[in-house]
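Below: input.txt (compact mmCIF, C-alpha atoms)
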```txt
# COMPACT_ATOMS: atom_id res chain seq x y z
CA MET A 34 -35.88 56.47 -39.70
CA ALA A 35 -33.43 53.60 -39.87
CA VAL A 36 -30.97 55.79 -41.79
CA ALA A 37 -31.21 58.47 -39.11
CA SER A 38 -30.55 55.86 -36.43
CA GLN A 39 -27.44 54.71 -38.27
CA LEU A 40 -26.20 58.30 -38.70
CA ARG A 41 -26.60 59.11 -35.02
CA ARG A 42 -23.99 56.45 -34.21
CA PHE A 43 -21.28 58.57 -35.78
CA LEU A 44 -22.46 62.05 -34.72
CA PRO A 45 -21.07 63.67 -31.55
CA VAL A 46 -23.32 63.35 -28.51
CA THR A 47 -23.99 66.40 -26.34
CA GLY A 48 -25.13 66.45 -22.75
CA LEU A 49 -25.06 63.49 -20.34
CA SER A 50 -24.08 60.39 -22.28
CA CYS A 51 -22.34 57.02 -22.23
CA ASN A 52 -18.86 56.94 -23.73
CA GLY A 53 -17.99 54.62 -26.59
CA THR A 54 -16.90 51.19 -25.37
CA TRP A 55 -15.71 47.77 -26.60
CA ASP A 56 -17.15 44.70 -24.89
CA GLY A 57 -14.91 42.15 -26.63
CA ILE A 58 -17.37 41.53 -29.46
CA THR A 59 -18.94 44.81 -30.56
CA CYS A 60 -17.78 48.42 -30.53
CA TRP A 61 -20.61 50.42 -28.95
CA PRO A 62 -20.66 54.13 -29.91
CA ALA A 63 -21.32 56.99 -27.53
CA ALA A 64 -25.02 57.37 -26.79
CA PRO A 65 -27.27 59.81 -24.90
CA ALA A 66 -28.25 58.81 -21.39
CA GLY A 67 -31.45 56.80 -21.10
CA THR A 68 -31.33 55.24 -24.57
CA LEU A 69 -31.26 51.67 -25.83
CA VAL A 70 -28.52 51.32 -28.44
CA SER A 71 -28.71 48.75 -31.24
CA MET A 72 -25.77 47.34 -33.17
CA PRO A 73 -25.58 44.54 -35.77
CA CYS A 74 -24.94 41.09 -34.40
CA PRO A 75 -21.40 39.73 -34.86
CA ALA A 76 -20.82 37.85 -38.09
CA GLN A 77 -19.09 35.00 -36.22
CA LEU A 78 -18.62 33.96 -32.60
CA ARG A 79 -16.79 30.81 -31.45
CA GLY A 80 -16.89 29.51 -35.01
CA ILE A 81 -20.69 29.97 -35.28
CA GLN A 82 -22.06 32.34 -37.90
CA TYR A 83 -24.81 34.76 -36.88
CA ASP A 84 -27.33 36.75 -38.87
CA THR A 85 -25.92 40.28 -39.13
CA THR A 86 -29.31 41.68 -40.16
CA GLU A 87 -30.40 41.25 -36.54
CA ASN A 88 -29.31 43.67 -33.83
CA ALA A 89 -27.87 43.27 -30.36
CA THR A 90 -28.87 45.86 -27.77
CA LYS A 91 -27.13 47.59 -24.89
CA LEU A 92 -28.78 50.02 -22.45
CA CYS A 93 -27.26 53.39 -21.58
CA TYR A 94 -28.62 54.28 -18.14
CA LYS A 95 -29.94 57.72 -17.27
CA ASN A 96 -26.85 58.37 -15.12
CA GLY A 97 -24.59 58.05 -18.17
CA THR A 98 -23.24 54.53 -17.53
CA TRP A 99 -23.57 51.42 -19.66
CA ALA A 100 -25.35 48.26 -18.62
CA ARG A 101 -22.92 45.58 -17.47
CA LYS A 102 -23.61 43.39 -20.52
CA ALA A 103 -25.31 43.65 -23.87
CA ASN A 104 -28.23 41.49 -24.92
CA TYR A 105 -26.97 39.06 -27.54
CA ILE A 106 -28.86 35.90 -26.61
CA ASP A 107 -32.38 37.22 -27.22
CA ASN A 108 -31.57 39.14 -30.39
CA CYS A 109 -28.75 37.33 -32.20
CA HIS A 110 -29.49 33.91 -33.68
CA PRO A 111 -27.18 31.50 -35.51
CA ILE A 112 -27.62 31.26 -39.25
CA SER A 113 -29.85 28.26 -39.91
CA ALA A 114 -30.46 26.23 -43.03
CA SER A 115 -33.59 28.24 -43.69
CA THR A 116 -31.70 31.54 -43.88
CA LYS A 117 -28.74 30.17 -45.85
CA PRO A 118 -29.76 27.12 -47.87
CA GLU A 119 -26.35 26.59 -49.44
CA ASN A 120 -24.94 25.68 -46.01
CA ALA A 121 -27.75 23.33 -45.04
CA GLU A 122 -25.88 20.12 -45.85
CA MET A 123 -22.64 21.29 -44.24
CA GLU A 124 -24.49 22.27 -41.05
CA ARG A 125 -26.04 18.82 -40.95
CA HIS A 126 -22.60 17.20 -41.25
CA LEU A 127 -21.20 19.46 -38.54
CA GLU A 128 -24.04 18.51 -36.23
CA ASN A 129 -23.43 14.82 -36.96
CA ALA A 130 -19.73 15.27 -36.22
CA LYS A 131 -20.62 16.95 -32.92
CA GLN A 132 -22.81 14.00 -31.96
CA LEU A 133 -20.00 11.63 -32.96
CA ASN A 134 -17.66 13.58 -30.68
CA ASN A 135 -20.09 13.30 -27.77
CA VAL A 136 -20.61 9.56 -28.26
CA GLY A 137 -16.89 8.91 -28.73
CA HIS A 138 -15.85 10.84 -25.63
CA ALA A 139 -18.56 9.11 -23.58
CA ILE A 140 -17.59 5.59 -24.71
CA SER A 141 -13.91 6.40 -24.23
CA LEU A 142 -14.57 7.71 -20.72
CA VAL A 143 -16.38 4.50 -19.72
CA CYS A 144 -13.56 2.32 -21.11
CA LEU A 145 -10.91 4.49 -19.48
CA VAL A 146 -12.55 4.30 -16.05
CA ILE A 147 -12.72 0.49 -16.31
CA ALA A 148 -9.07 0.32 -17.42
CA PHE A 149 -8.02 2.65 -14.58
CA GLY A 150 -9.83 0.43 -12.08
CA LEU A 151 -8.13 -2.71 -13.42
CA PHE A 152 -4.66 -1.16 -13.22
CA ALA A 153 -5.43 -0.01 -9.66
CA TYR A 154 -6.86 -3.36 -8.50
CA LEU A 155 -4.40 -5.77 -10.12
CA LYS A 156 -1.34 -4.93 -8.03
CA SER A 157 0.58 -8.02 -9.16
CA ILE A 158 1.06 -6.60 -12.68
CA ARG A 159 2.48 -3.28 -11.55
CA CYS A 160 5.77 -2.39 -13.16
CA THR A 161 7.21 0.72 -14.76
CA ARG A 162 5.61 -0.04 -18.11
CA ASN A 163 2.11 -0.64 -16.73
CA ASN A 164 2.41 2.30 -14.32
CA ILE A 165 3.09 4.52 -17.32
CA HIS A 166 0.00 3.07 -19.03
CA TRP A 167 -1.95 3.72 -15.82
CA ASN A 168 -0.98 7.40 -15.71
CA LEU A 169 -1.73 7.84 -19.41
CA VAL A 170 -5.20 6.43 -18.82
CA ALA A 171 -5.63 8.88 -15.92
CA THR A 172 -4.78 11.85 -18.14
CA PHE A 173 -7.31 10.67 -20.73
CA ILE A 174 -9.98 10.47 -18.00
CA LEU A 175 -9.21 13.98 -16.76
CA ARG A 176 -9.08 15.34 -20.28
CA ASN A 177 -12.38 13.77 -21.37
CA THR A 178 -14.09 14.86 -18.14
CA SER A 179 -12.90 18.45 -18.54
CA TRP A 180 -14.05 18.32 -22.17
CA PHE A 181 -17.61 17.55 -21.05
CA ILE A 182 -17.39 20.33 -18.45
CA ILE A 183 -16.36 22.76 -21.17
CA GLN A 184 -19.41 21.78 -23.24
CA GLU A 185 -21.70 22.60 -20.31
CA VAL A 186 -19.97 25.71 -18.96
CA VAL A 187 -18.98 27.63 -22.07
CA ASP A 188 -21.75 29.43 -23.94
CA VAL A 189 -22.19 32.84 -25.52
CA GLN A 190 -23.19 34.54 -22.27
CA THR A 191 -20.33 33.15 -20.16
CA VAL A 192 -17.88 34.13 -22.90
CA LEU A 193 -19.24 37.68 -22.88
CA ASP A 194 -19.18 37.85 -19.08
CA ASN A 195 -15.65 36.39 -18.97
CA SER A 196 -16.79 34.38 -15.95
CA TRP A 197 -14.12 33.11 -13.56
CA TYR A 198 -15.47 29.56 -13.57
CA CYS A 199 -15.37 29.55 -17.36
CA ARG A 200 -11.69 30.60 -17.30
CA VAL A 201 -10.93 27.93 -14.70
CA ALA A 202 -12.60 25.26 -16.84
CA VAL A 203 -10.64 26.34 -19.93
CA THR A 204 -7.37 26.41 -17.97
CA LEU A 205 -7.89 22.93 -16.49
CA PHE A 206 -8.80 21.52 -19.89
CA ASN A 207 -5.64 22.97 -21.45
CA TYR A 208 -3.49 21.64 -18.58
CA PHE A 209 -4.91 18.12 -18.84
CA GLN A 210 -4.51 18.31 -22.60
CA VAL A 211 -0.80 19.13 -22.25
CA THR A 212 -0.26 16.43 -19.59
CA ASN A 213 -1.95 13.93 -21.88
CA PHE A 214 0.54 14.65 -24.66
CA PHE A 215 3.52 14.59 -22.31
CA TRP A 216 2.52 11.16 -21.02
CA MET A 217 2.36 10.06 -24.65
CA PHE A 218 5.92 11.35 -24.89
CA VAL A 219 6.83 9.32 -21.78
CA GLU A 220 5.35 6.23 -23.44
CA GLY A 221 7.50 6.82 -26.52
CA LEU A 222 10.61 7.58 -24.45
CA TYR A 223 10.28 4.42 -22.34
CA LEU A 224 9.58 2.25 -25.37
CA HIS A 225 12.56 3.68 -27.24
CA ILE A 226 14.87 3.09 -24.27
CA MET A 227 13.60 -0.46 -23.89
CA ILE A 228 14.13 -1.32 -27.55
CA ALA A 229 17.30 0.64 -28.30
CA HIS A 230 18.97 -0.05 -24.93
CA ALA A 231 18.08 -3.47 -23.58
CA PHE A 232 18.93 -2.74 -19.93
CA GLY A 233 18.44 1.03 -19.89
CA THR A 234 14.88 1.05 -18.54
CA GLU A 235 15.93 0.14 -15.01
CA ARG A 236 18.31 3.08 -14.77
CA ILE A 237 15.51 5.65 -14.94
CA LYS A 238 13.22 5.64 -11.93
CA PHE A 239 9.48 6.01 -12.33
CA TRP A 240 9.42 9.35 -10.48
CA VAL A 241 11.42 10.85 -13.37
CA TYR A 242 8.67 9.85 -15.80
CA ALA A 243 6.06 11.22 -13.37
CA MET A 244 7.87 14.57 -13.23
CA ILE A 245 7.90 14.76 -17.03
CA GLY A 246 4.22 13.85 -17.34
CA TRP A 247 2.66 15.88 -14.51
CA CYS A 248 5.11 18.67 -13.62
CA VAL A 249 6.65 19.82 -16.92
CA PRO A 250 3.25 21.05 -18.23
CA VAL A 251 2.93 23.42 -15.24
CA PRO A 252 5.60 25.92 -16.42
CA ILE A 253 3.92 25.79 -19.83
CA ILE A 254 0.37 26.56 -18.70
CA VAL A 255 1.30 29.15 -16.04
CA PRO A 256 2.93 31.57 -18.54
CA TRP A 257 -0.09 31.15 -20.81
CA MET A 258 -2.33 32.10 -17.86
CA MET A 259 -0.21 35.15 -17.05
CA VAL A 260 -0.30 36.34 -20.66
CA LYS A 261 -4.07 35.94 -20.77
CA ILE A 262 -4.59 37.74 -17.46
CA PHE A 263 -2.43 40.76 -18.26
CA LEU A 264 -2.68 41.02 -22.05
CA LYS A 265 -5.97 39.47 -23.15
CA ASN A 266 -8.26 38.88 -20.19
CA GLU A 267 -11.46 38.65 -22.16
CA ARG A 268 -13.94 36.24 -23.73
CA CYS A 269 -13.19 33.43 -21.30
CA TRP A 270 -9.66 33.10 -22.79
CA ILE A 271 -11.18 31.54 -25.89
CA ASP A 272 -10.60 32.84 -29.38
CA THR A 273 -14.08 33.54 -30.76
CA SER A 274 -13.01 34.36 -34.30
CA GLY A 275 -12.90 30.70 -35.31
CA GLY A 276 -9.11 30.67 -35.65
CA VAL A 277 -6.26 30.16 -33.19
CA ASP A 278 -5.16 32.86 -30.76
CA GLN A 279 -1.45 33.66 -31.14
CA TYR A 280 -1.00 33.37 -27.37
CA ASP A 281 -2.29 29.80 -27.46
CA PHE A 282 0.93 28.77 -29.21
CA ILE A 283 2.54 28.99 -25.77
CA TYR A 284 1.14 25.52 -25.11
CA HIS A 285 0.42 24.48 -28.71
CA GLY A 286 4.13 24.72 -29.47
CA PRO A 287 5.24 22.09 -26.90
CA ILE A 288 2.38 19.81 -28.00
CA ILE A 289 3.51 20.00 -31.63
CA LEU A 290 7.10 19.36 -30.53
CA VAL A 291 6.01 16.26 -28.57
CA LEU A 292 4.15 14.92 -31.61
CA LEU A 293 7.19 15.45 -33.84
CA VAL A 294 9.50 13.75 -31.34
CA ASN A 295 7.12 10.80 -31.00
CA PHE A 296 6.92 10.58 -34.78
CA VAL A 297 10.72 10.31 -34.93
CA ILE A 298 10.69 7.76 -32.10
CA LEU A 299 8.09 5.68 -33.94
CA GLY A 300 10.18 5.66 -37.10
CA ASN A 301 13.30 4.64 -35.17
CA ILE A 302 11.42 1.89 -33.33
CA VAL A 303 10.12 0.43 -36.59
CA ARG A 304 13.63 0.61 -38.08
CA ILE A 305 15.18 -1.21 -35.09
CA LEU A 306 12.44 -3.86 -35.12
CA ILE A 307 12.97 -4.60 -38.80
CA LEU A 308 16.74 -4.90 -38.29
CA LYS A 309 16.31 -7.20 -35.29
CA LEU A 310 13.71 -9.35 -37.00
CA ARG A 311 15.90 -9.79 -40.07
CA ALA A 312 19.09 -10.41 -38.12
CA SER A 313 17.76 -12.88 -35.53
CA PRO A 314 14.11 -13.83 -36.04
CA ASN A 315 14.28 -16.54 -33.35
CA ASN A 316 16.17 -14.50 -30.77
CA LEU A 317 14.21 -14.26 -27.51
CA ASP A 318 15.27 -10.71 -26.74
CA THR A 319 14.15 -9.52 -30.14
CA THR A 320 10.92 -11.42 -29.64
CA HIS A 321 10.30 -9.58 -26.38
CA TYR A 322 10.79 -6.15 -27.92
CA SER A 323 8.65 -6.93 -30.92
CA GLU A 324 5.81 -8.20 -28.77
CA TYR A 325 5.73 -5.02 -26.74
CA SER A 326 5.55 -2.90 -29.84
CA ALA A 327 3.12 -5.09 -31.74
CA ASP A 328 0.75 -6.08 -28.96
CA GLY A 329 1.56 -3.82 -26.01
CA VAL A 330 1.86 -6.89 -23.79
CA GLY A 331 4.17 -9.77 -23.15
CA LYS A 332 3.37 -13.24 -24.48
CA SER A 333 4.98 -16.60 -24.12
CA HIS A 334 8.08 -17.25 -26.21
CA ARG A 335 6.36 -20.18 -27.88
CA THR A 336 3.63 -17.97 -29.31
CA SER A 337 6.22 -15.42 -30.39
CA ARG A 338 8.24 -17.88 -32.43
CA VAL A 339 5.14 -18.92 -34.31
CA SER A 340 4.23 -15.29 -35.01
CA PHE A 341 7.63 -14.68 -36.58
CA ARG A 342 6.62 -16.76 -39.54
CA LEU A 343 5.07 -13.55 -40.83
CA PRO A 344 7.35 -11.32 -42.91
CA SER A 345 9.21 -8.69 -40.90
CA SER A 346 7.53 -5.92 -42.90
CA ILE A 347 4.08 -7.11 -41.76
CA LYS A 348 5.24 -7.19 -38.14
CA ALA A 349 6.59 -3.68 -38.50
CA VAL A 350 3.32 -2.43 -40.00
CA LYS A 351 1.40 -4.06 -37.17
CA ALA A 352 3.66 -2.41 -34.61
CA THR A 353 3.22 0.95 -36.30
CA VAL A 354 -0.59 0.77 -36.39
CA VAL A 355 -0.84 -0.29 -32.74
CA LEU A 356 1.55 2.42 -31.56
CA LEU A 357 -0.28 5.26 -33.34
CA PRO A 358 -2.86 5.94 -30.57
CA LEU A 359 -0.29 5.35 -27.80
CA LEU A 360 2.11 7.99 -29.14
CA GLY A 361 -0.62 10.39 -30.27
CA ILE A 362 0.48 10.40 -33.91
CA THR A 363 -3.17 10.64 -35.01
CA TYR A 364 -3.31 14.19 -33.63
CA ILE A 365 -1.00 15.36 -36.41
CA LEU A 366 -4.12 15.42 -38.62
CA PHE A 367 -5.58 18.07 -36.36
CA PHE A 368 -2.66 20.42 -36.86
CA VAL A 369 -2.46 20.04 -40.63
CA HIS A 370 -6.17 20.79 -41.10
CA VAL A 371 -6.91 23.50 -43.64
CA PRO A 372 -10.22 25.23 -42.68
CA SER A 373 -10.77 26.44 -46.25
CA GLY A 374 -11.09 22.90 -47.57
CA LYS A 375 -14.30 22.06 -49.43
CA GLY A 376 -16.20 19.12 -50.79
CA THR A 377 -15.59 15.47 -50.04
CA SER A 378 -12.08 16.02 -48.63
CA LYS A 379 -13.38 18.40 -45.97
CA LEU A 380 -16.24 16.07 -45.00
CA PHE A 381 -13.82 13.14 -44.79
CA PHE A 382 -11.55 15.14 -42.51
CA ILE A 383 -14.41 16.29 -40.28
CA TYR A 384 -15.70 12.77 -39.63
CA PHE A 385 -12.33 11.03 -39.59
CA ASN A 386 -10.77 13.57 -37.25
CA SER A 387 -13.80 13.56 -34.92
CA PHE A 388 -13.69 9.77 -34.78
CA LEU A 389 -9.97 9.56 -34.02
CA GLN A 390 -9.93 12.35 -31.44
CA SER A 391 -12.97 11.15 -29.51
CA PHE A 392 -12.27 7.40 -29.58
CA GLN A 393 -8.53 7.51 -28.87
CA GLY A 394 -9.09 6.85 -25.16
CA CYS A 395 -11.14 3.80 -26.10
CA PHE A 396 -8.36 2.54 -28.40
CA VAL A 397 -5.72 2.94 -25.67
CA SER A 398 -7.92 1.11 -23.12
CA ILE A 399 -8.58 -1.82 -25.44
CA ILE A 400 -5.07 -2.26 -26.81
CA TYR A 401 -3.05 -1.70 -23.64
CA CYS A 402 -5.41 -2.96 -20.94
CA PHE A 403 -8.31 -5.13 -22.08
CA THR A 404 -6.20 -7.17 -24.53
CA ASN A 405 -3.12 -7.09 -22.29
CA THR A 406 -2.10 -10.70 -21.63
CA GLU A 407 -0.90 -9.83 -18.12
CA VAL A 408 -4.26 -8.31 -17.25
CA GLN A 409 -6.20 -11.22 -18.75
CA THR A 410 -4.05 -13.84 -17.01
CA THR A 411 -4.29 -12.10 -13.65
CA ILE A 412 -8.06 -11.69 -13.91
CA LYS A 413 -8.41 -15.37 -14.83
CA ARG A 414 -6.30 -16.33 -11.84
CA HIS A 415 -8.48 -14.21 -9.53
CA VAL A 416 -11.60 -15.85 -10.96
CA ASP A 417 -10.11 -19.32 -10.48
CA ILE A 418 -9.22 -18.53 -6.87
CA TRP A 419 -12.74 -17.25 -6.24
CA ARG A 420 -14.19 -20.40 -7.80
CA ASP A 421 -11.88 -22.57 -5.71
CA GLN A 422 -13.07 -20.86 -2.55
CA HIS A 423 -16.76 -21.22 -3.41
CA TRP A 424 -16.98 -24.40 -5.48
CA CYS A 425 -18.35 -26.43 -2.57
CA THR A 426 -21.17 -23.99 -1.89
CA ILE A 427 -22.20 -23.50 -5.50
CA ASN A 428 -21.75 -27.22 -6.35
CA THR A 429 -19.48 -26.68 -9.34
CA PRO A 430 -16.26 -28.53 -10.18
CA PRO A 431 -13.04 -26.88 -9.01
CA SER A 432 -10.65 -25.20 -11.40
CA LYS A 433 -7.55 -26.95 -12.72
CA HIS A 434 -5.50 -25.12 -10.12
CA LEU A 435 -7.46 -26.70 -7.26
CA GLN A 436 -7.62 -30.12 -8.96
CA MET A 437 -3.82 -30.24 -9.12
CA THR A 438 -3.37 -29.19 -5.48
CA ALA A 439 -6.09 -31.59 -4.27
CA ILE A 440 -3.93 -34.60 -5.20
CA THR A 441 -1.59 -33.93 -2.28
CA ALA A 442 -2.57 -34.40 1.32
CA ALA A 443 -4.28 -31.56 3.11
CA PRO A 444 -1.51 -29.47 4.70
CA SER A 445 -1.59 -27.92 8.10
CA ASN A 446 -2.09 -24.20 8.62
CA GLY A 447 1.64 -23.56 8.64
CA ASP A 448 2.20 -25.71 5.54
CA ARG A 449 -0.70 -23.98 3.79
CA SER A 450 0.96 -20.60 4.34
CA GLU A 451 4.24 -21.90 2.94
CA ASN A 452 2.43 -23.33 -0.09
CA MET A 453 0.63 -20.05 -0.73
CA ARG A 454 3.95 -18.19 -0.57
CA ASP A 455 5.39 -20.66 -3.08
CA VAL A 456 2.41 -20.14 -5.40
CA CYS A 457 2.77 -16.37 -5.15
CA ALA A 458 6.45 -16.60 -5.91
CA TYR A 459 5.69 -18.80 -8.91
CA ASP A 460 3.06 -16.33 -10.16
CA LYS A 461 5.52 -13.45 -9.88
CA ASN A 462 8.08 -15.41 -11.87
CA VAL A 463 5.50 -16.11 -14.55
CA ILE A 464 4.66 -12.44 -14.75
CA VAL A 465 8.31 -11.45 -15.03
CA HIS A 466 9.00 -13.95 -17.83
CA THR A 467 5.83 -13.14 -19.77
CA ALA A 468 6.04 -9.33 -19.45
```
Spit out the file's structure as structure tokens when you get a sec.
Amino acid sequence: MAVASQLRRFLPVTGLSCNGTWDGITCWPAAPAGTLVSMPCPAQLRGIQYDTTENATKLCYKNGTWARKANYIDNCHPISASTKPENAEMERHLENAKQLNNVGHAISLVCLVIAFGLFAYLKSIRCTRNNIHWNLVATFILRNTSWFIIQEVVDVQTVLDNSWYCRVAVTLFNYFQVTNFFWMFVEGLYLHIMIAHAFGTERIKFWVYAMIGWCVPVPIIVPWMMVKIFLKNERCWIDTSGGVDQYDFIYHGPIILVLLVNFVILGNIVRILILKLRASPNNLDTTHYSEYSADGVGKSHRTSRVSFRLPSSIKAVKATVVLLPLLGITYILFFVHVPSGKGTSKLFFIYFNSFLQSFQGCFVSIIYCFTNTEVQTTIKRHVDIWRDQHWCTINTPPSKHLQMTAITAAPSNGDRSENMRDVCAYDKNVIVHTA
């Protein structure tokens, strides 16, 4: 009986029937009207292996037309450890890596939102460098958010239906992914200009960097959308074979180019730092450049001179390690991945890559916001001002700032305004010299 059913798939059908059709996953043969056709489940879909001994079904109506969609969900099940014992351990590791991705993206998103709020609230630290950090944090937030949306929206059924909201979610994720990399390029470009050309950063206005970060990705994603719409408008614009769609190189290509350029920039920055450190280890300008690369923030010159007691090679290594997440160099591992790898090397890559990709937003937030001396100093000053305004009511001693100003006589309202303007001017000078 089963053999006869298989043979009927290849025999010509007479009378009212449904024509053979391709739904993006399975080729359904012509079938007589009013029959339920069965075909083996796909061997792989979106990187997930399915049991091909099970069958998907599609109904041919009595009027000779196919049902809008086949039934894959009820009939096709992923291969589990029980059906393929040799893959049990690998499946467990893949599930662990998925959980690591979820946790990493969630922690990164929380850190990024806090960092974004600090950059938005602390207006006194705004400059081109911190504004670039601010926009990079914004792209990480948008990218992580769209990543979670993809996890909820995309499933087997939406891929089969080629739903519009699924295609919108995929398009937005790809756009935010490209903008994220281009803001990494902006970070590298600004840093290279600042180190290689001492006074070149002021010549380029911030709107130029904004155009590169937000607008350049548009003419990259739009052609990709057009190609998908007119040439391959199926399966939610996602390659379900487990590989990479050739059309996706429309935006993968610029991303790879950005990573290569940032890699060259990183090497040149390290080279310049080593030359400057060896030539003039006590030079203040060199100190300023090295601090930005090594710590992402400005520190006092006194602290910098002490830190130069370390060998220049150690400073260069420190700068390199800190700049890796900022310039996106860690993503190079993603592009050199060989899916056919086995054993310990493959497991190491799975966990290491999942950790780096998901926690990169957290690294950027910590290194370039939470440990930023400008941010810490400004927050401390805000806390001191708040304490000074409420120390009488909460019966706590005033901060050093208030203790120093309390020595002088109480000024009038006009004098108080002048004093506050002087303090603000002093704070701005401090920020400029410590940036």
From the list A:Leu293, A:Ile174, A:Ile271, A:Leu224, which residue is nearest Thr191 (chain A) when using all atoms listed in the file?
A:Ile271
What lies within 9 Å of region 128-133 of chain A using all atoms listed in the file, ignoring chain neighbours under 5 positions off, as a PDB file with C-alpha atoms, keeping the file's coordinate frame?
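Written output follows (around_18.pdb):
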```pdb
ATOM      1  CA  MET A 123     -22.640  21.290 -44.240  1.00  0.00           C
ATOM      2  CA  HIS A 138     -15.850  10.840 -25.630  1.00  0.00           C
ATOM      3  CA  ILE A 383     -14.410  16.290 -40.280  1.00  0.00           C
ATOM      4  CA  TYR A 384     -15.700  12.770 -39.630  1.00  0.00           C
ATOM      5  CA  SER A 387     -13.800  13.560 -34.920  1.00  0.00           C
ATOM      6  CA  PHE A 388     -13.690   9.770 -34.780  1.00  0.00           C
ATOM      7  CA  SER A 391     -12.970  11.150 -29.510  1.00  0.00           C
TER       8      SER A 391
END
```
Atom pair CA of Ile283 (chain A) / CA of Val255 (chain A): separation (Å)
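If I compute the distance from CA of Ile283 (chain A) to CA of Val255 (chain A), I get 9.8 Å.
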Counting all atoms listed in the file, write as a ChimeraX atom specification all protein and nucleic acid residues lying at most 12 Å from (-27.2, 38.5, -29.5) in the file's frame.
/A:58-59,71-78,82-91,102-111,188-190,193
Based on the selection just made, write C-alpha atoms of those residues as a CSV table (one decimal), keeping the file's coordinate frame.
```
chain,number,residue,atom,x,y,z
A,58,ILE,CA,-17.4,41.5,-29.5
A,59,THR,CA,-18.9,44.8,-30.6
A,71,SER,CA,-28.7,48.8,-31.2
A,72,MET,CA,-25.8,47.3,-33.2
A,73,PRO,CA,-25.6,44.5,-35.8
A,74,CYS,CA,-24.9,41.1,-34.4
A,75,PRO,CA,-21.4,39.7,-34.9
A,76,ALA,CA,-20.8,37.8,-38.1
A,77,GLN,CA,-19.1,35.0,-36.2
A,78,LEU,CA,-18.6,34.0,-32.6
A,82,GLN,CA,-22.1,32.3,-37.9
A,83,TYR,CA,-24.8,34.8,-36.9
A,84,ASP,CA,-27.3,36.8,-38.9
A,85,THR,CA,-25.9,40.3,-39.1
A,86,THR,CA,-29.3,41.7,-40.2
A,87,GLU,CA,-30.4,41.2,-36.5
A,88,ASN,CA,-29.3,43.7,-33.8
A,89,ALA,CA,-27.9,43.3,-30.4
A,90,THR,CA,-28.9,45.9,-27.8
A,91,LYS,CA,-27.1,47.6,-24.9
A,102,LYS,CA,-23.6,43.4,-20.5
A,103,ALA,CA,-25.3,43.6,-23.9
A,104,ASN,CA,-28.2,41.5,-24.9
A,105,TYR,CA,-27.0,39.1,-27.5
A,106,ILE,CA,-28.9,35.9,-26.6
A,107,ASP,CA,-32.4,37.2,-27.2
A,108,ASN,CA,-31.6,39.1,-30.4
A,109,CYS,CA,-28.8,37.3,-32.2
A,110,HIS,CA,-29.5,33.9,-33.7
A,111,PRO,CA,-27.2,31.5,-35.5
A,188,ASP,CA,-21.8,29.4,-23.9
A,189,VAL,CA,-22.2,32.8,-25.5
A,190,GLN,CA,-23.2,34.5,-22.3
A,193,LEU,CA,-19.2,37.7,-22.9
```
Have a look at A:Gln393, A:Asn301, A:Asn134, A:Thr54 and name the one nearest to Ile226 (chain A); count all atoms listed in the file.
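Smallest distance to Ile226 (chain A) is found for A:Asn301.
For the atom pair formed by CA of Thr411 (chain A) and CA of Val397 (chain A), the distance is 19.3 Å, given to one decimal.
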Do you know which residues lie at most 6 Å from (3.9, 3.5, -28.3), with coordinates as in the file and all atoms listed in the file counted, and could you write them as a list in words?
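Every polymer residue passing the test: Glu220, Gly221, Leu356, Leu359 and Leu360 of chain A.
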Separating CA of Thr68 (chain A) from CA of Cys93 (chain A), to the nearest tenth of an Å, is a gap of 5.4 Å
Smallest atom-to-atom distance to Ile289 (chain A): which of A:Val211, A:Leu308, A:Val219, A:Val416, using all atoms listed in the file?
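Of A:Val211, A:Leu308, A:Val219, A:Val416, the one nearest Ile289 (chain A), counting all atoms listed in the file, is A:Val211.
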Which one is closest to Phe152 (chain A): A:Ile305, A:Ala63, A:Met259, A:Val408? Count all atoms listed in the file.
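Nearest to Phe152 (chain A): A:Val408.
Closest approach to Trp216 (chain A) from the set A:Ser378, A:Asn52, A:Asn295, A:Asn135 is made by A:Asn295, with distances taken over all atoms listed in the file.
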For Thr212 (chain A), which residue among A:Val291, A:Lys238, A:Ile262, A:Ala148 is the nearest when counting all atoms listed in the file?
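For Thr212 (chain A), the nearest of the given residues is A:Val291.
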Compile the contact shell of Gln210 (chain A) as JSON, numbers by chain: residues with an atom at most 9 Å away, counting all atoms listed in the file, same-chain residues fewer than 3 positions apart removed.
{"A": [172, 173, 175, 176, 205, 206, 207, 213, 214, 215, 288]}
Selection above as a file: C-alpha atoms, as an mmCIF file, in the coordinates of the input:
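Once written, selection_18.cif looks like this:
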```cif
data_model
loop_
_atom_site.group_PDB
_atom_site.id
_atom_site.type_symbol
_atom_site.label_atom_id
_atom_site.label_comp_id
_atom_site.auth_asym_id
_atom_site.auth_seq_id
_atom_site.Cartn_x
_atom_site.Cartn_y
_atom_site.Cartn_z
ATOM 1 C CA THR A 172 -4.780 11.850 -18.140
ATOM 2 C CA PHE A 173 -7.310 10.670 -20.730
ATOM 3 C CA LEU A 175 -9.210 13.980 -16.760
ATOM 4 C CA ARG A 176 -9.080 15.340 -20.280
ATOM 5 C CA LEU A 205 -7.890 22.930 -16.490
ATOM 6 C CA PHE A 206 -8.800 21.520 -19.890
ATOM 7 C CA ASN A 207 -5.640 22.970 -21.450
ATOM 8 C CA ASN A 213 -1.950 13.930 -21.880
ATOM 9 C CA PHE A 214 0.540 14.650 -24.660
ATOM 10 C CA PHE A 215 3.520 14.590 -22.310
ATOM 11 C CA ILE A 288 2.380 19.810 -28.000
#
```
